[in-house]
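A quick write-up on the structure given underneath.
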Amino acid sequence: MTFKFFLESWKYPLILLLGIGVSNLGAWVYLIALNLLVFDITGSPLAVAALYILIPLAALVTNLWSGSLIDRWNKRSLMVGLDIFRAVCLLFLPWLLEVSLWMMYIVVFLINIASSMFSPTSMVYITKLIPFEQRKKFNSLRSLIDSGAFLLGPGLAGILFIIGSPESAIFINAAALFLSGLVTLLMPDLDKHSLSFKKEEKLSLLLVKKDFQVVWNFSRKNGYIMLIYFLFSSVIVMTAAVDSLEAAFAKDVLNLSDSDYGFLVSIAGAGIIVGALLNTLLVKKIATSYLIGPGAVLVSIGYLIYAFSNSFLIAACGFFMLAFFLAFTNTGFLTFYQNNIPVEIMGRIGSLYELIQAALVIVTTIVIGLLAQIFSIAAAVIAGAMVMVIVSVTLCIFSLPSTKSAYYQPDELRQIEVN
């Protein structure tokens, strides 16, 4: 492949990756800065925790109807609009914190609603833009960028706090979102000649009900695709639930100091970046089914090692392992999803199933928190890790049979029924 041909074929994917990178870095800076501002003003850990509750709550409110909009509207225009909307909201946040804490929560909730819509919208756009043969490589590069943001974001936030303030960090994130919107404008308009809402269609309860039936019919006729989707989502739900006790486990079970815990998180960051780099180099040589199934099992084993650890060294090994294999399994799932969900209904599929996932995250996190309260933190983390292993092994069993190989081959275009 010549360099000129590479630039021509990867021009827009690379521009898109730049926009994703800028947005992800800004998101980390915003999250840390907002946490510090709320805690400085209120002095309440509960007030900070409420910020995290707003994320799945926004998904519950939004995702029931947002898919109906996403599949019918111009994706590029919607992505640009959501970036600009979030940027404008961010500009008002520092001022609102001084005026009214409740007004600040409302604006943060609106930002989270826009983010809930942006995720499935960008997924549809990416699937339309990236050809079959480039998707796995693109997803591996995206995992690398996400990992880099995870590693660099907190450090960038710290530097901004030293030379400025949390308020200035939030303004910089607003600028990052504006820049992300401008970058998106450089992308091709893939929906330019397609229809948006038909004249007889308006967003209504009847339309949402009709779209729900479309999702149900697709799920019923394509049971294997949705089984893999559900099992992978269940693994992600369990990681979120177990992660909710991470700090408490490190402090109360492993008896780590704040600096030791910070070092443990840094080891996870190292695992993420090393895994993402290796994933980028090896992704073409590893079958998508092996990225999903065995990848998820190895992530779960990392959590299990961490759950049964009684020292810093064992916990660090578990942290490094689970973080290392996250990039592999995420790349595999994204590729599987893009290759098997029709783009014309992808917004509705993604929104409704992310709604279910958000509800499961809330319920599972509450359950594991109650287990920690009734029994012990160690018992709750072990129980969560064991459930994760069972689900991931089930995912592995269903993803590897040779009879299902067509679902994982980018060059085998299959006719998938939408209705």
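Ordering of the structure tokens sets the chain letters (A, B, ...); residue numbers start at 1 within each chain; ligands are numbered from 1 in the order shown.
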Next item on the list: Mind checking which residues fall within 8 Å of Val124 in chain A, counting only C-alpha atoms, ignoring those fewer than 2 positions away in the same chain, and posting them as a list in words?
Entry: Lys75, Pro120, Thr121, Ser122, Ile126, Thr127, Lys128, Val343, Met346 and Gly347 of chain A
Can you write out as a tab-separated table which residues of range 58-173 of chain A fall within 12 Å of range 43-47 of chain A, alongside each residue's closest atom pair and its distance in Å to one decimal, counting only C-alpha atoms and ordering rows by chain and ascending residue number?
```
residue	atom	partner	partner_atom	distance
A:Leu101	CA	A:Ala47	CA	9.4
A:Trp102	CA	A:Ala47	CA	10.5
A:Met104	CA	A:Ala47	CA	11.4
A:Tyr105	CA	A:Ala47	CA	9.7
```
Next item on the list: Please identify which residues in range 38-287 of chain A DSSP calls helix (DSSP H, G or I) from the backbone, and express them as a PyMOL selection string.
Entry: chain A and resi 38-42+45-70+75-99+101-129+132-163+166-185+205-221+223-243+246-253+258-285
Next item on the list: Give the answer as one residue: which of A:Ser266, A:Gly275, A:Ser309, A:Ala327 has the shortest atom-to-atom distance to Ile292 in chain A, using only C-alpha atoms?
Entry: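 Comparing A:Ser266, A:Gly275, A:Ser309, A:Ala327 against Ile292 in chain A, the winner is A:Ala327.
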Notebook entry, point to check: Which neighbours of Leu185 in chain A fall inside 10 Å, counting only C-alpha atoms, when residues of the same chain fewer than 5 positions from it are skipped, and could you give them as a ChimeraX atom specification?
Noted result: /A:76-77,79-80,179-180
Next item on the list: Please provide the set of residues having any atom within 8 Å of range 27-40 of chain A, restricted to only C-alpha atoms, with same-chain residues fewer than 2 positions apart removed, written as a PyMOL selection string.
Entry: chain A and resi 23-25+42-45+47-48+51+97+149-150+153-154+156-157+166-167+169-170+173
